[in-house]
>>> print(open('data_12.txt').read())   # compact mmCIF, C-alpha atoms
# COMPACT_ATOMS: atom_id res chain seq x y z
CA MET A 1 0.00 0.00 0.00
CA ALA A 2 1.46 3.35 -0.99
CA GLU A 3 2.27 5.89 1.74
CA GLY A 4 -0.51 8.41 2.17
CA GLY A 5 -0.28 11.75 3.93
CA GLY A 6 -0.15 13.78 0.75
CA TRP A 7 3.08 12.36 -0.70
CA GLN A 8 3.78 13.39 -4.26
CA PRO A 9 6.66 12.77 -6.63
CA PRO A 10 9.62 15.07 -5.86
CA ARG A 11 9.26 16.60 -9.30
CA PRO A 12 6.22 16.95 -11.55
CA CYS A 13 6.10 14.24 -14.22
CA GLU A 14 6.53 16.96 -16.82
CA ALA A 15 9.92 17.80 -15.27
CA TYR A 16 11.08 14.17 -15.59
CA ARG A 17 9.99 14.17 -19.21
CA ALA A 18 11.81 17.44 -19.92
CA GLU A 19 15.00 16.21 -18.22
CA TRP A 20 14.91 12.94 -20.16
CA GLU A 21 14.39 14.77 -23.45
CA LEU A 22 17.20 17.22 -22.70
CA CYS A 23 19.52 14.39 -21.66
CA SER A 24 18.74 12.47 -24.84
CA SER A 25 19.34 15.43 -27.16
CA ALA A 26 22.33 15.67 -29.47
CA GLY A 27 23.31 19.01 -27.98
CA HIS A 28 23.50 17.56 -24.49
CA PHE A 29 25.51 14.59 -25.75
CA LEU A 30 28.06 16.96 -27.22
CA ARG A 31 28.23 19.15 -24.12
CA HIS A 32 28.47 16.18 -21.76
CA TYR A 33 31.27 14.65 -23.83
CA TYR A 34 33.05 18.01 -23.90
CA VAL A 35 32.82 18.31 -20.09
CA HIS A 36 33.13 14.70 -18.90
CA GLY A 37 34.65 12.81 -21.81
CA GLU A 38 31.88 10.21 -21.91
CA ARG A 39 28.33 9.82 -23.11
CA PRO A 40 25.54 10.88 -20.75
CA ALA A 41 23.45 8.27 -18.94
CA CYS A 42 19.79 9.10 -19.50
CA GLU A 43 18.10 5.81 -18.67
CA GLN A 44 17.36 6.77 -15.07
CA TRP A 45 15.37 9.83 -16.17
CA ARG A 46 13.24 7.54 -18.33
CA ARG A 47 12.69 5.12 -15.43
CA ASP A 48 11.75 8.02 -13.18
CA LEU A 49 9.31 9.32 -15.76
CA ASP A 50 7.67 5.89 -15.97
CA SER A 51 7.52 5.65 -12.17
CA CYS A 52 6.01 9.11 -11.93
CA ARG A 53 3.30 8.26 -14.42
CA GLU A 54 2.63 4.96 -12.66
CA TRP A 55 2.22 6.82 -9.38
CA GLU A 56 -0.11 9.34 -10.97
CA GLU A 57 -2.28 6.55 -12.46
CA ARG A 58 -2.23 3.81 -9.82
CA ARG A 59 -0.56 5.23 -6.71
CA SER A 60 1.91 2.34 -6.86
CA ALA A 61 4.10 1.81 -3.78
CA GLU A 62 6.86 0.42 -6.00
CA ALA A 63 6.81 3.57 -8.11
CA GLN A 64 6.97 5.75 -5.00
CA GLN A 65 9.92 3.79 -3.61
CA SER A 66 11.71 3.84 -6.95
CA LEU A 67 11.38 7.61 -7.23
CA ARG A 68 12.57 8.22 -3.68
CA GLU A 69 15.61 5.99 -4.11
CA SER A 70 16.47 7.56 -7.42
CA GLU A 71 16.34 11.10 -6.08
CA GLN A 72 18.19 10.16 -2.90
CA ALA A 73 20.94 8.72 -5.08
CA ARG A 74 21.10 12.00 -7.03
CA VAL A 75 21.42 14.00 -3.81
CA ARG A 76 24.17 11.67 -2.54
CA ALA A 77 26.03 11.96 -5.83
CA ALA A 78 25.88 15.75 -5.65
CA ARG A 79 27.19 15.80 -2.09
CA LYS A 80 29.81 13.07 -2.22
CA HIS A 81 32.72 15.45 -2.60
CA GLY A 82 33.92 17.13 0.57
CA LEU A 83 33.84 20.92 0.85
CA VAL A 84 37.02 22.96 0.67
CA TRP A 85 35.65 25.64 3.00
CA ALA A 86 33.39 25.82 6.06
CA PRO A 87 29.81 26.82 5.21
CA ARG A 88 28.26 29.88 6.78
CA GLN A 89 25.01 29.84 8.71
CA SER A 90 24.14 33.22 7.19
CA PRO A 91 25.78 35.73 4.83
CA PRO A 92 28.20 38.34 6.21
CA ALA A 93 26.17 40.91 8.14
CA ASP A 94 27.42 43.82 6.04
CA TRP A 95 27.20 42.33 2.57
CA HIS A 96 24.27 44.47 1.48
CA LEU A 97 25.28 47.76 3.10
CA PRO A 98 26.15 50.83 0.99
CA LEU A 99 29.74 51.12 -0.13
CA PRO A 100 32.19 53.54 1.48
CA GLN A 101 32.63 56.65 -0.66
CA ASP A 102 36.41 56.29 -0.93
CA ASN A 103 36.26 53.17 -3.15
CA ASP A 104 36.08 55.07 -6.44
CA ARG A 105 39.36 54.59 -8.39
CA MET B 1 44.83 42.39 -18.60
CA ASN B 2 44.53 45.57 -20.67
CA ALA B 3 42.65 44.61 -23.81
CA ALA B 4 42.99 46.59 -27.03
CA ARG B 5 39.27 46.80 -27.66
CA ALA B 6 36.97 49.62 -28.63
CA PRO B 7 35.54 51.14 -25.45
CA LEU B 8 31.85 50.82 -24.68
CA ARG B 9 30.03 54.12 -24.46
CA GLY B 10 28.48 54.89 -21.10
CA SER B 11 24.89 54.31 -22.16
CA SER B 12 25.75 51.05 -23.92
CA CYS B 13 27.61 49.84 -20.85
CA SER B 14 24.60 50.53 -18.61
CA SER B 15 22.23 48.68 -20.95
CA ASN B 16 24.64 45.74 -21.21
CA THR B 17 24.77 45.49 -17.43
CA SER B 18 21.00 45.54 -17.28
CA GLY B 19 20.97 42.78 -19.87
CA ALA B 20 23.40 40.73 -17.82
CA ARG B 21 21.19 40.99 -14.74
CA SER B 22 18.26 39.65 -16.73
CA SER B 23 20.35 36.95 -18.42
CA ARG B 24 19.98 33.23 -17.90
CA SER B 25 21.99 33.19 -14.72
CA GLY B 26 21.41 36.71 -13.42
CA TRP B 27 17.87 36.23 -12.18
CA LEU B 28 18.66 32.85 -10.61
CA ARG B 29 21.52 34.40 -8.65
CA GLY B 30 19.22 37.25 -7.58
CA SER B 31 16.65 34.75 -6.29
CA HIS B 32 19.25 33.03 -4.13
CA SER B 33 20.45 36.36 -2.75
CA LYS B 34 16.92 37.40 -1.80
CA GLY B 35 16.55 34.18 0.13
CA SER B 36 19.12 35.38 2.66
CA SER B 37 19.10 39.18 2.57
CA PRO B 38 18.13 42.02 0.23
CA ALA B 39 19.93 41.72 -3.12
CA SER B 40 22.36 44.41 -4.14
CA SER B 41 23.04 45.01 -7.81
CA PRO B 42 26.58 45.11 -9.19
CA THR B 43 28.25 48.49 -9.49
CA THR B 44 29.51 49.32 -12.95
CA ARG B 45 32.75 51.28 -13.09
CA SER B 46 34.66 52.50 -16.09
CA ALA B 47 38.30 52.37 -17.07
CA SER B 48 39.38 49.69 -14.59
CA LEU B 49 42.26 47.38 -15.37
CA CYS B 50 40.31 44.16 -14.94
CA SER B 51 36.97 42.74 -13.92
CA CYS B 52 37.09 41.58 -10.34
CA ARG B 53 35.16 41.32 -7.15
CA ARG B 54 36.22 43.79 -4.53
CA TRP B 55 34.79 44.04 -1.06
CA ARG B 56 30.98 44.20 -1.44
CA GLN B 57 31.12 45.17 -5.10
CA ILE B 58 31.75 43.82 -8.56
CA VAL B 59 33.94 45.94 -10.80
CA LEU B 60 33.44 45.61 -14.54
CA CYS B 61 35.76 46.93 -17.23
CA GLN B 62 33.98 49.25 -19.58
CA ASN B 63 37.02 49.20 -21.86
CA ASN B 64 37.44 45.43 -21.78
CA ILE B 65 33.94 44.06 -22.42
CA CYS B 66 32.86 44.31 -26.01
CA ASN B 67 29.48 42.64 -26.32
CA GLN B 68 26.47 41.44 -24.35
CA ALA B 69 27.53 37.80 -24.25
CA HIS B 70 30.91 38.75 -22.81
CA MET B 71 29.21 40.99 -20.25
CA ASN B 72 26.95 38.10 -19.20
CA ARG B 73 29.91 35.79 -18.68
CA VAL B 74 31.90 38.33 -16.71
CA VAL B 75 28.98 39.21 -14.44
CA THR B 76 28.21 35.53 -13.88
CA HIS B 77 31.85 34.82 -13.13
CA GLU B 78 32.06 37.55 -10.51
CA LEU B 79 28.67 36.67 -9.03
CA VAL B 80 29.96 33.14 -8.40
CA HIS B 81 32.67 34.67 -6.24
CA ALA B 82 30.12 36.86 -4.48
CA PHE B 83 27.92 33.83 -3.88
CA ASP B 84 30.84 31.89 -2.41
CA HIS B 85 31.66 34.82 -0.15
CA CYS B 86 28.10 34.82 1.16
CA ARG B 87 27.67 31.07 1.66
CA ALA B 88 31.02 30.05 3.11
CA HIS B 89 33.93 31.28 5.20
CA VAL B 90 36.24 31.89 2.27
CA ASP B 91 39.71 33.11 3.19
CA TRP B 92 40.41 35.05 0.01
CA PHE B 93 43.72 36.53 1.11
CA THR B 94 45.73 33.85 2.92
CA ASN B 95 44.33 30.52 1.74
CA VAL B 96 45.18 29.89 -1.90
CA ARG B 97 43.08 26.69 -1.90
CA HIS B 98 39.98 28.71 -1.08
CA LEU B 99 40.76 31.15 -3.88
CA ALA B 100 41.49 28.27 -6.25
CA CYS B 101 38.16 26.63 -5.46
CA SER B 102 36.17 29.77 -6.22
CA GLU B 103 38.09 30.34 -9.45
CA VAL B 104 37.46 26.76 -10.57
CA ARG B 105 33.76 27.22 -9.90
CA ALA B 106 33.63 30.60 -11.63
CA ALA B 107 35.38 29.32 -14.76
CA ASN B 108 33.18 26.22 -14.76
CA LEU B 109 29.79 27.86 -14.28
CA SER B 110 30.10 31.18 -16.11
CA GLY B 111 30.42 29.94 -19.68
CA ASP B 112 34.05 31.07 -19.89
CA CYS B 113 35.03 27.58 -21.05
CA SER B 114 32.26 26.81 -23.50
CA LEU B 115 33.28 24.94 -26.65
CA LEU B 116 32.61 28.00 -28.80
CA ASN B 117 34.63 30.36 -26.63
CA GLU B 118 37.57 27.99 -26.63
CA ILE B 119 37.41 27.67 -30.41
CA PHE B 120 37.44 31.49 -30.67
CA ARG B 121 40.60 31.44 -28.56
CA LEU B 122 42.06 28.86 -30.99
CA HIS B 123 42.12 26.23 -28.21
CA PHE B 124 40.94 23.11 -29.99
CA GLY B 125 39.88 20.06 -28.05
CA LEU B 126 36.73 18.06 -27.41
CA LYS B 127 36.92 15.14 -25.02
CA ARG B 128 36.95 16.57 -21.50
CA HIS B 129 38.51 19.79 -22.87
CA HIS B 130 36.17 21.82 -20.66
CA GLN B 131 38.09 20.64 -17.60
CA THR B 132 41.42 21.56 -19.18
CA CYS B 133 40.09 25.05 -19.85
CA VAL B 134 38.73 25.42 -16.31
CA ARG B 135 42.07 24.40 -14.81
CA ASP B 136 44.04 26.76 -17.04
CA ARG B 137 41.77 29.74 -16.49
CA ALA B 138 41.63 29.16 -12.73
CA ILE B 139 45.43 29.14 -12.58
CA ARG B 140 45.59 32.33 -14.65
CA SER B 141 43.05 34.04 -12.40
CA ILE B 142 45.01 33.08 -9.27
CA LEU B 143 48.27 34.35 -10.75
CA ALA B 144 46.56 37.62 -11.63
CA VAL B 145 45.77 38.38 -7.99
CA ARG B 146 48.44 36.52 -6.01
CA ASN B 147 52.19 36.89 -6.06
CA ILE B 148 52.89 33.17 -6.15
CA SER B 149 54.55 30.82 -8.59
CA LYS B 150 52.65 28.99 -11.27
CA GLU B 151 53.58 25.69 -9.61
CA VAL B 152 51.99 26.74 -6.32
CA ALA B 153 48.84 27.89 -8.12
CA GLN B 154 48.71 24.67 -10.12
CA LYS B 155 49.11 22.56 -7.00
CA ALA B 156 46.28 24.40 -5.28
CA VAL B 157 43.97 23.91 -8.27
CA ASP B 158 44.88 20.21 -8.47
CA GLU B 159 44.11 19.70 -4.78
CA VAL B 160 40.66 21.29 -4.89
CA PHE B 161 39.61 20.49 -8.45
CA GLU B 162 37.53 17.36 -7.95
CA SER B 163 35.51 18.88 -5.15
CA CYS B 164 35.05 22.34 -6.61
CA PHE B 165 34.49 21.34 -10.23
CA ASN B 166 31.57 19.19 -9.11
CA ASP B 167 30.11 21.91 -6.87
CA HIS B 168 27.47 23.49 -9.09
CA GLU B 169 25.70 25.63 -6.52
CA PRO B 170 23.48 27.62 -6.84
CA PHE B 171 22.56 26.07 -10.21
CA GLY B 172 22.66 22.36 -9.43
CA ARG B 173 24.11 21.84 -12.91
CA ILE B 174 26.42 23.63 -15.34
CA PRO B 175 24.20 26.26 -17.03
CA HIS B 176 25.43 25.80 -20.60
CA ASN B 177 22.62 27.91 -22.06
CA LYS B 178 19.19 29.36 -21.32
CA THR B 179 17.54 25.95 -21.29
CA TYR B 180 19.83 24.60 -18.59
CA ALA B 181 19.48 27.82 -16.60
CA ARG B 182 15.70 27.65 -16.91
CA TYR B 183 15.68 24.08 -15.64
CA ALA B 184 17.98 25.07 -12.76
CA HIS B 185 15.59 27.87 -11.81
CA ARG B 186 12.65 25.48 -12.01
CA ASP B 187 14.44 23.10 -9.61
CA PHE B 188 15.13 26.01 -7.26
CA GLN B 189 11.47 27.03 -7.24
CA ASN B 190 10.50 23.40 -6.63
CA ARG B 191 13.02 22.82 -3.81
CA ASP B 192 10.49 22.65 -0.96
CA ARG B 193 8.43 19.98 -2.71
CA TYR B 194 11.59 18.12 -3.69
CA TYR B 195 13.22 17.82 -0.28
CA SER B 196 9.97 17.08 1.53
CA ASN B 197 9.20 14.12 -0.74
CA ILE B 198 12.49 12.25 -1.05
>>> encode(input="data_12.txt", output="structure tokens")
Amino acid sequence: MAEGGGWQPPRPCEAYRAEWELCSSAGHFLRHYYVHGERPACEQWRRDLDSCREWEERRSAEAQQSLRESEQARVRAARKHGLVWAPRQSPPADWHLPLPQDNDR
Amino acid sequence: MNAARAPLRGSSCSSNTSGARSSRSGWLRGSHSKGSSPASSPTTRSASLCSCRRWRQIVLCQNNICNQAHMNRVVTHELVHAFDHCRAHVDWFTNVRHLACSEVRAANLSGDCSLLNEIFRLHFGLKRHHQTCVRDRAIRSILAVRNISKEVAQKAVDEVFESCFNDHEPFGRIPHNKTYARYAHRDFQNRDRYYSNI
């Protein structure tokens, strides 16, 4: 039985479709090869799109689990590299203040 | 750093800056700034030697930026530094690794190293050439502001490259063009739904 409580896919199904189409495009292939030296992997976007549609139609627990695991894997992949610097809790207090008048040179 | 280019007239420079703020990355950066404190717009100055980020301002070269696309890249580049200053304790002056990381990110995310721009510079390469360009431009940027040897700058870039090259904040991806930037902005607007449902 799928989890209730108002759960919805992390992204609209339209977003999964758009990401899959972008990933599959020739332009993206070229850019990905230029940046990473390999072809892009687009199959997961297609699986997520299918899962999203299955959730929308049948509220499938398997589809829900598949989407959550897929997105959790994306978040882990984005965060797997350690940070060079310590993050702030808030921006510097003075970052938005007017500039001193003697900075003009 | 002094480029032999025709100077922009004052009115053209102002309109180009306005165009940069409304460009693919400008409004996304503005959204992230508003999330923490009121956004401040970049200050446009004329006749500077180089484009750089000084304390609480971005300085653009009126005599060194010759078209809208170049303006967009320069503003994006400097806004990456400003973003890093706001989100992390970056020691710009005594930690060359911190500086190297921000320069890697700025070269990576600004469009400086796009395939077309590299071809215009007569730097030909395809497979993973983007990374070569990012490394080279980061080293050049460090050497422009630090009195250190090229070997020291190169070592700093090598040490931080894997982490900083893959840090795509605030975009979540490399914004190659308007489509990628639009998708990044869509993800930003959707962030509450995203993180509450994974």
>>> closest_residue(input="data_12.txt", among="A:Glu54, A:Glu21, A:Glu43, A:Asp94", to="chain B", atoms="only C-alpha atoms")
A:Asp94
>>> interface_residues(input="data_12.txt", of="chain A", to="chain B", cutoff="6 Å", atoms="only C-alpha atoms", output="mmCIF file with C-alpha atoms, keeping the file's coordinate frame")
data_model
loop_
_atom_site.group_PDB
_atom_site.id
_atom_site.type_symbol
_atom_site.label_atom_id
_atom_site.label_comp_id
_atom_site.auth_asym_id
_atom_site.auth_seq_id
_atom_site.Cartn_x
_atom_site.Cartn_y
_atom_site.Cartn_z
ATOM 1 C CA PRO A 10 9.620 15.070 -5.860
ATOM 2 C CA TYR A 33 31.270 14.650 -23.830
ATOM 3 C CA TYR A 34 33.050 18.010 -23.900
ATOM 4 C CA VAL A 35 32.820 18.310 -20.090
ATOM 5 C CA HIS A 36 33.130 14.700 -18.900
ATOM 6 C CA GLY A 37 34.650 12.810 -21.810
ATOM 7 C CA ARG A 68 12.570 8.220 -3.680
ATOM 8 C CA HIS A 81 32.720 15.450 -2.600
ATOM 9 C CA ALA A 86 33.390 25.820 6.060
ATOM 10 C CA PRO A 87 29.810 26.820 5.210
ATOM 11 C CA ARG A 88 28.260 29.880 6.780
ATOM 12 C CA PRO A 91 25.780 35.730 4.830
ATOM 13 C CA TRP A 95 27.200 42.330 2.570
ATOM 14 C CA HIS A 96 24.270 44.470 1.480
#
>>> atom_distance(input="data_12.txt", atom1="CA of Gly5 (chain A)", atom2="CA of Ser70 (chain A)")
20.7 Å
>>> residues_near_point(input="data_12.txt", point="(6.2, 3.5, -4.7)", cutoff="9 Å", atoms="all atoms listed in the file", output="PDB file with C-alpha atoms, in the coordinates of the input")
ATOM      1  CA  MET A   1       0.000   0.000   0.000  1.00  0.00           C
ATOM      2  CA  ALA A   2       1.460   3.350  -0.990  1.00  0.00           C
ATOM      3  CA  GLU A   3       2.270   5.890   1.740  1.00  0.00           C
ATOM      4  CA  SER A  51       7.520   5.650 -12.170  1.00  0.00           C
ATOM      5  CA  GLU A  54       2.630   4.960 -12.660  1.00  0.00           C
ATOM      6  CA  TRP A  55       2.220   6.820  -9.380  1.00  0.00           C
ATOM      7  CA  ARG A  59      -0.560   5.230  -6.710  1.00  0.00           C
ATOM      8  CA  SER A  60       1.910   2.340  -6.860  1.00  0.00           C
ATOM      9  CA  ALA A  61       4.100   1.810  -3.780  1.00  0.00           C
ATOM     10  CA  GLU A  62       6.860   0.420  -6.000  1.00  0.00           C
ATOM     11  CA  ALA A  63       6.810   3.570  -8.110  1.00  0.00           C
ATOM     12  CA  GLN A  64       6.970   5.750  -5.000  1.00  0.00           C
ATOM     13  CA  GLN A  65       9.920   3.790  -3.610  1.00  0.00           C
ATOM     14  CA  SER A  66      11.710   3.840  -6.950  1.00  0.00           C
ATOM     15  CA  LEU A  67      11.380   7.610  -7.230  1.00  0.00           C
ATOM     16  CA  ARG A  68      12.570   8.220  -3.680  1.00  0.00           C
TER      17      ARG A  68
END
>>> atom_distance(input="data_12.txt", atom1="CA of Phe93 (chain B)", atom2="CA of Arg146 (chain B)")
8.5 Å
>>> closest_residue(input="data_12.txt", among="A:Ser90, A:Arg47, A:Glu57, A:Ala41", to="Cys23 (chain A)", atoms="all atoms listed in the file")
A:Ala41
>>> atom_distance(input="data_12.txt", atom1="CA of Arg39 (chain A)", atom2="CA of Ser25 (chain A)")
11.3 Å
>>> closest_residue(input="data_12.txt", among="B:Asn177, B:Asn95, B:Asn72, B:Gln62", to="Val84 (chain A)", atoms="all atoms listed in the file")
B:Asn95
>>> axis_aligned_box(input="data_12.txt", around="region 13-16 of chain A", padding_each_side="5 Å", output="JSON")
{"center_x": 8.6, "center_y": 16.0, "center_z": -15.5, "size_x": 15.0, "size_y": 13.6, "size_z": 12.6}
>>> closest_residue(input="data_12.txt", among="B:Gly111, B:Arg105, B:His123, B:Thr94", to="Lys178 (chain B)", atoms="only C-alpha atoms")
B:Gly111
>>> closest_residue(input="data_12.txt", among="A:Ala15, A:Ala78, A:Leu83, A:Leu30", to="Cys52 (chain A)", atoms="all atoms listed in the file")
A:Ala15
